[in-house]
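Chemist: I'm passing along my_file_37.pdb; it holds PDB, C-alpha atoms.
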MODEL        1
ATOM      1  CA  MET A   1      16.360 -16.603   2.378
ATOM      2  CA  ALA A   2      13.403 -14.241   2.982
ATOM      3  CA  ARG A   3      13.465 -14.618   6.787
ATOM      4  CA  PRO A   4      17.062 -13.406   7.265
ATOM      5  CA  VAL A   5      16.385 -10.400   5.001
ATOM      6  CA  VAL A   6      13.213  -9.539   6.932
ATOM      7  CA  ALA A   7      15.094  -9.952  10.231
ATOM      8  CA  VAL A   8      17.883  -7.621   9.077
ATOM      9  CA  LEU A   9      15.363  -5.041   7.855
ATOM     10  CA  LEU A  10      13.500  -5.261  11.165
ATOM     11  CA  VAL A  11      16.716  -4.737  13.150
ATOM     12  CA  LEU A  12      17.619  -1.740  10.967
ATOM     13  CA  ALA A  13      14.128  -0.254  11.356
ATOM     14  CA  LEU A  14      14.231  -0.662  15.148
ATOM     15  CA  GLY A  15      17.699   0.884  15.273
ATOM     16  CA  LEU A  16      16.499   3.876  13.246
ATOM     17  CA  LEU A  17      13.435   4.286  15.465
ATOM     18  CA  GLY A  18      15.623   4.102  18.569
ATOM     19  CA  PHE A  19      17.965   6.753  17.183
ATOM     20  CA  ARG A  20      15.017   9.023  16.311
ATOM     21  CA  ALA A  21      13.493   8.541  19.781
ATOM     22  CA  VAL A  22      16.737   9.496  21.506
ATOM     23  CA  GLN A  23      16.998  12.545  19.274
ATOM     24  CA  ALA A  24      13.360  13.541  19.902
ATOM     25  CA  PHE A  25      13.840  13.530  23.682
ATOM     26  CA  ASP A  26      17.323  15.080  23.778
ATOM     27  CA  GLN A  27      16.929  17.989  26.224
ATOM     28  CA  ASP A  28      20.388  19.381  25.462
ATOM     29  CA  ARG A  29      19.586  19.554  21.742
ATOM     30  CA  HIS A  30      16.269  21.281  22.492
ATOM     31  CA  ALA A  31      18.004  23.832  24.739
ATOM     32  CA  ALA A  32      20.616  24.477  22.022
ATOM     33  CA  GLU A  33      17.901  25.010  19.394
ATOM     34  CA  ALA A  34      16.116  27.461  21.725
ATOM     35  CA  ALA A  35      19.392  29.304  22.359
ATOM     36  CA  ALA A  36      19.919  29.557  18.588
ATOM     37  CA  VAL A  37      16.468  31.144  18.214
ATOM     38  CA  LEU A  38      17.132  33.621  21.029
ATOM     39  CA  SER A  39      20.526  34.670  19.662
ATOM     40  CA  ALA A  40      19.507  34.895  15.998
ATOM     41  CA  PRO A  41      19.685  38.379  14.447
ATOM     42  CA  ASP A  42      16.408  37.795  12.584
ATOM     43  CA  ARG A  43      14.388  36.597  15.587
ATOM     44  CA  VAL A  44      10.923  38.008  16.190
ATOM     45  CA  SER A  45      10.023  38.723  19.833
ATOM     46  CA  TYR A  46       6.957  39.945  21.683
ATOM     47  CA  GLN A  47       6.947  41.066  25.325
ATOM     48  CA  LEU A  48       4.385  39.420  27.625
ATOM     49  CA  ALA A  49       2.992  41.906  30.129
ATOM     50  CA  PRO A  50       1.807  41.131  33.663
ATOM     51  CA  VAL A  51      -1.962  40.766  33.961
ATOM     52  CA  ALA A  52      -3.541  43.518  36.041
ATOM     53  CA  PRO A  53      -4.311  42.411  39.620
ATOM     54  CA  GLY A  54      -7.914  41.540  40.233
ATOM     55  CA  GLN A  55      -8.464  39.777  36.913
ATOM     56  CA  ALA A  56      -9.346  36.214  37.702
ATOM     57  CA  SER A  57     -10.494  33.188  35.810
ATOM     58  CA  PRO A  58     -14.143  32.304  36.147
ATOM     59  CA  PRO A  59     -14.874  29.975  39.076
ATOM     60  CA  PRO A  60     -14.869  26.292  38.168
ATOM     61  CA  PRO A  61     -18.312  24.756  37.594
ATOM     62  CA  ASP A  62     -18.009  22.725  40.809
ATOM     63  CA  ALA A  63     -17.195  25.746  42.998
ATOM     64  CA  GLY A  64     -18.004  23.763  46.136
ATOM     65  CA  ALA A  65     -15.180  21.294  45.527
ATOM     66  CA  PRO A  66     -12.115  21.413  47.778
ATOM     67  CA  GLU A  67      -9.037  23.238  46.535
ATOM     68  CA  ARG A  68      -6.476  21.175  44.664
ATOM     69  CA  GLU A  69      -3.037  20.846  46.173
ATOM     70  CA  GLY A  70      -0.967  23.849  45.161
ATOM     71  CA  SER A  71      -3.939  26.057  44.269
ATOM     72  CA  PRO A  72      -3.725  29.646  45.424
ATOM     73  CA  GLN A  73      -5.484  30.057  48.728
ATOM     74  CA  PRO A  74      -7.425  33.187  49.682
ATOM     75  CA  GLY A  75      -5.031  35.734  51.082
ATOM     76  CA  GLY A  76      -2.076  33.835  49.608
ATOM     77  CA  ALA A  77       1.149  35.470  48.527
ATOM     78  CA  LEU A  78       0.777  34.991  44.766
ATOM     79  CA  GLY A  79       2.826  37.697  43.115
ATOM     80  CA  ALA A  80       3.996  39.118  46.414
ATOM     81  CA  VAL A  81       7.703  38.386  45.930
ATOM     82  CA  HIS A  82       8.427  38.535  42.208
ATOM     83  CA  SER A  83       7.454  40.764  39.291
ATOM     84  CA  PRO A  84       6.677  38.349  36.454
ATOM     85  CA  GLY A  85       7.614  38.978  32.850
ATOM     86  CA  GLY A  86       8.091  37.012  29.681
ATOM     87  CA  ARG A  87       8.799  37.003  25.985
ATOM     88  CA  LEU A  88       7.631  34.955  22.982
ATOM     89  CA  SER A  89      10.408  34.505  20.395
ATOM     90  CA  TYR A  90      10.802  32.658  17.111
ATOM     91  CA  ARG A  91      12.771  32.775  13.875
ATOM     92  CA  PRO A  92      10.946  33.286  10.569
ATOM     93  CA  GLY A  93      10.681  30.074   8.596
ATOM     94  CA  THR A  94      11.018  27.785  11.633
ATOM     95  CA  TRP A  95       8.478  25.948  13.758
ATOM     96  CA  LEU A  96      10.113  26.523  17.147
ATOM     97  CA  SER A  97       8.403  28.968  19.532
ATOM     98  CA  VAL A  98      10.315  29.867  22.701
ATOM     99  CA  VAL A  99       8.546  31.453  25.666
ATOM    100  CA  ASP A 100      11.001  32.724  28.289
ATOM    101  CA  LEU A 101       9.486  33.477  31.689
ATOM    102  CA  GLU A 102      11.083  35.309  34.621
ATOM    103  CA  GLY A 103      10.156  36.627  38.046
ATOM    104  CA  LEU A 104       7.816  33.715  38.719
ATOM    105  CA  ASP A 105       6.758  32.711  42.212
ATOM    106  CA  PRO A 106       7.403  29.093  43.247
ATOM    107  CA  VAL A 107       4.617  26.566  42.712
ATOM    108  CA  ALA A 108       3.566  23.674  44.925
ATOM    109  CA  GLY A 109       2.144  20.226  44.305
ATOM    110  CA  ASN A 110       0.921  19.626  40.758
ATOM    111  CA  GLU A 111       0.643  23.315  39.983
ATOM    112  CA  ARG A 112       2.581  24.699  36.980
ATOM    113  CA  TYR A 113       2.819  27.813  34.862
ATOM    114  CA  LEU A 114       0.775  27.013  31.757
ATOM    115  CA  VAL A 115       1.530  28.719  28.434
ATOM    116  CA  PHE A 116      -1.420  29.004  26.046
ATOM    117  CA  VAL A 117      -1.035  30.301  22.477
ATOM    118  CA  ARG A 118      -3.801  31.363  20.117
ATOM    119  CA  ASN A 119      -3.984  31.621  16.358
ATOM    120  CA  TRP A 120      -6.851  31.610  13.848
ATOM    121  CA  ALA A 121      -7.597  27.956  14.665
ATOM    122  CA  GLY A 122      -8.090  28.657  18.393
ATOM    123  CA  TRP A 123      -6.237  28.027  21.644
ATOM    124  CA  THR A 124      -3.462  25.485  22.202
ATOM    125  CA  LEU A 125      -1.673  24.574  25.412
ATOM    126  CA  ALA A 126       1.941  25.046  24.272
ATOM    127  CA  GLY A 127       3.434  23.661  27.469
ATOM    128  CA  ALA A 128       3.832  23.842  31.221
ATOM    129  CA  ALA A 129       6.823  24.694  33.374
ATOM    130  CA  ARG A 130       7.960  24.880  36.974
ATOM    131  CA  PRO A 131      10.308  27.808  37.608
ATOM    132  CA  GLY A 132      13.721  27.280  39.110
ATOM    133  CA  PRO A 133      14.715  28.899  42.408
ATOM    134  CA  ASP A 134      15.585  32.051  40.430
ATOM    135  CA  GLY A 135      11.974  32.333  39.144
ATOM    136  CA  VAL A 136      13.003  31.540  35.545
ATOM    137  CA  ALA A 137      11.386  28.976  33.224
ATOM    138  CA  GLN A 138      11.230  28.277  29.508
ATOM    139  CA  VAL A 139       8.573  26.614  27.355
ATOM    140  CA  ARG A 140       9.530  25.440  23.861
ATOM    141  CA  SER A 141       7.038  24.248  21.257
ATOM    142  CA  ALA A 142       7.706  23.022  17.736
ATOM    143  CA  ALA A 143       4.104  22.010  17.052
ATOM    144  CA  GLU A 144       1.032  23.794  15.754
ATOM    145  CA  PRO A 145       0.372  26.638  15.752
ATOM    146  CA  ARG A 146       3.222  27.918  13.620
ATOM    147  CA  PRO A 147       4.862  30.914  15.333
ATOM    148  CA  PRO A 148       3.984  33.611  12.748
ATOM    149  CA  THR A 149       0.281  32.755  13.091
ATOM    150  CA  ILE A 150       0.183  33.332  16.875
ATOM    151  CA  TYR A 151      -1.573  36.541  17.888
ATOM    152  CA  GLU A 152      -2.119  35.951  21.623
ATOM    153  CA  VAL A 153      -0.202  34.314  24.474
ATOM    154  CA  VAL A 154      -1.567  33.789  27.974
ATOM    155  CA  VAL A 155       0.411  32.420  30.927
ATOM    156  CA  THR A 156      -1.526  31.187  33.948
ATOM    157  CA  ARG A 157      -0.714  29.416  37.179
ATOM    158  CA  ALA A 158      -2.796  26.268  37.624
ATOM    159  CA  VAL A 159      -2.915  22.487  37.632
ATOM    160  CA  ASP A 160      -2.693  21.199  34.053
ATOM    161  CA  ASP A 161      -5.994  19.503  33.272
ATOM    162  CA  ALA A 162      -5.238  19.142  29.520
ATOM    163  CA  THR A 163      -7.762  21.855  28.639
ATOM    164  CA  SER A 164      -6.543  24.069  25.818
ATOM    165  CA  ILE A 165      -8.571  27.126  26.922
ATOM    166  CA  PRO A 166      -6.675  29.358  29.400
ATOM    167  CA  HIS A 167      -7.598  28.582  32.989
ATOM    168  CA  GLY A 168      -6.146  29.266  36.414
ATOM    169  CA  GLN A 169      -4.660  32.405  37.928
ATOM    170  CA  PRO A 170      -3.687  34.811  35.092
ATOM    171  CA  VAL A 171      -0.043  35.905  35.194
ATOM    172  CA  LEU A 172       1.066  37.237  31.774
ATOM    173  CA  GLN A 173      -0.606  38.147  28.494
ATOM    174  CA  TRP A 174       0.315  39.417  25.035
ATOM    175  CA  PHE A 175      -2.210  40.239  22.297
ATOM    176  CA  ASP A 176      -1.777  41.768  18.836
ATOM    177  CA  ALA A 177      -5.072  42.302  17.001
ATOM    178  CA  SER A 178      -3.228  43.155  13.772
ATOM    179  CA  LEU A 179      -2.028  39.529  13.528
ATOM    180  CA  GLY A 180      -5.446  37.987  14.247
ATOM    181  CA  PRO A 181      -8.762  37.744  12.438
ATOM    182  CA  PRO A 182     -10.774  40.969  12.013
ATOM    183  CA  LYS A 183     -13.014  40.361  15.043
ATOM    184  CA  ALA A 184     -10.288  39.030  17.353
ATOM    185  CA  ARG A 185     -10.594  40.208  20.940
ATOM    186  CA  LYS A 186      -8.184  39.879  23.854
ATOM    187  CA  PHE A 187      -8.929  36.919  26.124
ATOM    188  CA  ASP A 188     -11.278  37.988  28.922
ATOM    189  CA  PHE A 189     -10.337  36.136  32.117
ATOM    190  CA  ALA A 190     -13.582  37.041  33.879
ATOM    191  CA  ARG A 191     -15.686  35.445  31.120
ATOM    192  CA  GLY A 192     -13.243  32.702  30.199
ATOM    193  CA  ALA A 193     -13.559  33.677  26.528
TER     194      ALA A 193
ENDMDL
END
Would you write out, as structure tokens, the structure that this file holds?

Modeler:
Amino acid sequence: MARPVVAVLLVLALGLLGFRAVQAFDQDRHAAEAAAVLSAPDRVSYQLAPVAPGQASPPPPDAGAPEREGSPQPGGALGAVHSPGGRLSYRPGTWLSVVDLEGLDPVAGNERYLVFVRNWAGWTLAGAARPGPDGVAQVRSAAEPRPPTIYEVVVTRAVDDATSIPHGQPVLQWFDASLGPPKARKFDFARGA
């Protein structure tokens, strides 16, 4: 008698897990939730400004290594065609952060636009995106850090190496010292800190 009950419970548990997995990876649902955030009357938004030309990330420790596929080459056309811009948005009381990006140049190889967010606990890689032909991309994150605790966003163009500290070619940045700890300073690309 115990085996059939255990078998039925196992089938039910697997069915529930399968349903939850489908729901967790449902891109249409995620896009609809992001659209709801962006159209909400109580949404909070912050404009991401282009990073001034000439600000670069510090050179990698192995500066003699060959360039990765898709890395900007000296004299390349990064930023030559589009004028990048972006916006961080969220709704109070929710976990979903939406970063809309526009005016992005195409990327090649494994290169992506990386979105880093910072709160009192430090930096987190919120996500990576490849822009469409229109230069538009969106990164959605429903994980830590919670949106109201974010006080800095940095968007770079690089190969994702799973490092949570901003790296690569700086593209966009937003910083609000009033939301951060008393000694918070804007990320310095030259120092990497």

Chemist: Can you pull out the residues contacting segment 98-113 of chain A? Cut-off 8 Å, using all atoms listed in the file, and skip same-chain residues under 2 positions away; I want them as a ChimeraX atom specification.

Modeler: /A:34,37-38,69-71,78-79,81-90,96,115,128-141,155-160

Chemist: With all atoms listed in the file as the atoms that count, which of A:Leu16, A:Pro92, A:Pro182, A:Pro166 lies nearest to Val44 of chain A?

Modeler: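 Using all atoms listed in the file, Val44 of chain A sits closest to A:Pro92.
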
Chemist: Record the distance separating atom CA of Ala177 of chain A and atom CA of Asp161 of chain A, expressed in Å with one decimal.

Modeler: 28.0 Å

Chemist: Residues picked by the PyMOL selection byres ((chain A and resi 143-148) around 6) here, as a PyMOL selection string?

Modeler: chain A and resi 95+97+141-142+149-150

Chemist: When the PyMOL selection byres ((chain A and resi 174-176) around 6) is applied to the file above, which residues end up in the set, as a compact mmCIF listing (two decimals) with C-alpha atoms, keeping the file's coordinate frame?

Modeler:
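File written: result.txt
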# COMPACT_ATOMS: atom_id res chain seq x y z
CA LEU A 48 4.38 39.42 27.62
CA TYR A 151 -1.57 36.54 17.89
CA GLU A 152 -2.12 35.95 21.62
CA VAL A 153 -0.20 34.31 24.47
CA GLN A 173 -0.61 38.15 28.49
CA ALA A 177 -5.07 42.30 17.00
CA SER A 178 -3.23 43.16 13.77
CA LEU A 179 -2.03 39.53 13.53

Chemist: Work out how far atom CA of Leu12 of chain A is from atom CA of Ala31 of chain A, in Å to one decimal.

Modeler: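 The value is 29.0 Å.
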
Chemist: What is the atom CA of Trp120 of chain A to atom CA of Ala184 of chain A distance in Å?

Modeler: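 Computing the Euclidean distance for atom CA of Trp120 of chain A and atom CA of Ala184 of chain A yields 8.9 Å.
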
Chemist: Taking all atoms listed in the file into account, name the residue in A:Ser39, A:Thr94, A:Gln47, A:Ser164 that is nearest to Leu125 of chain A.

Modeler: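 Comparing A:Ser39, A:Thr94, A:Gln47, A:Ser164 against Leu125 of chain A, the winner is A:Ser164.
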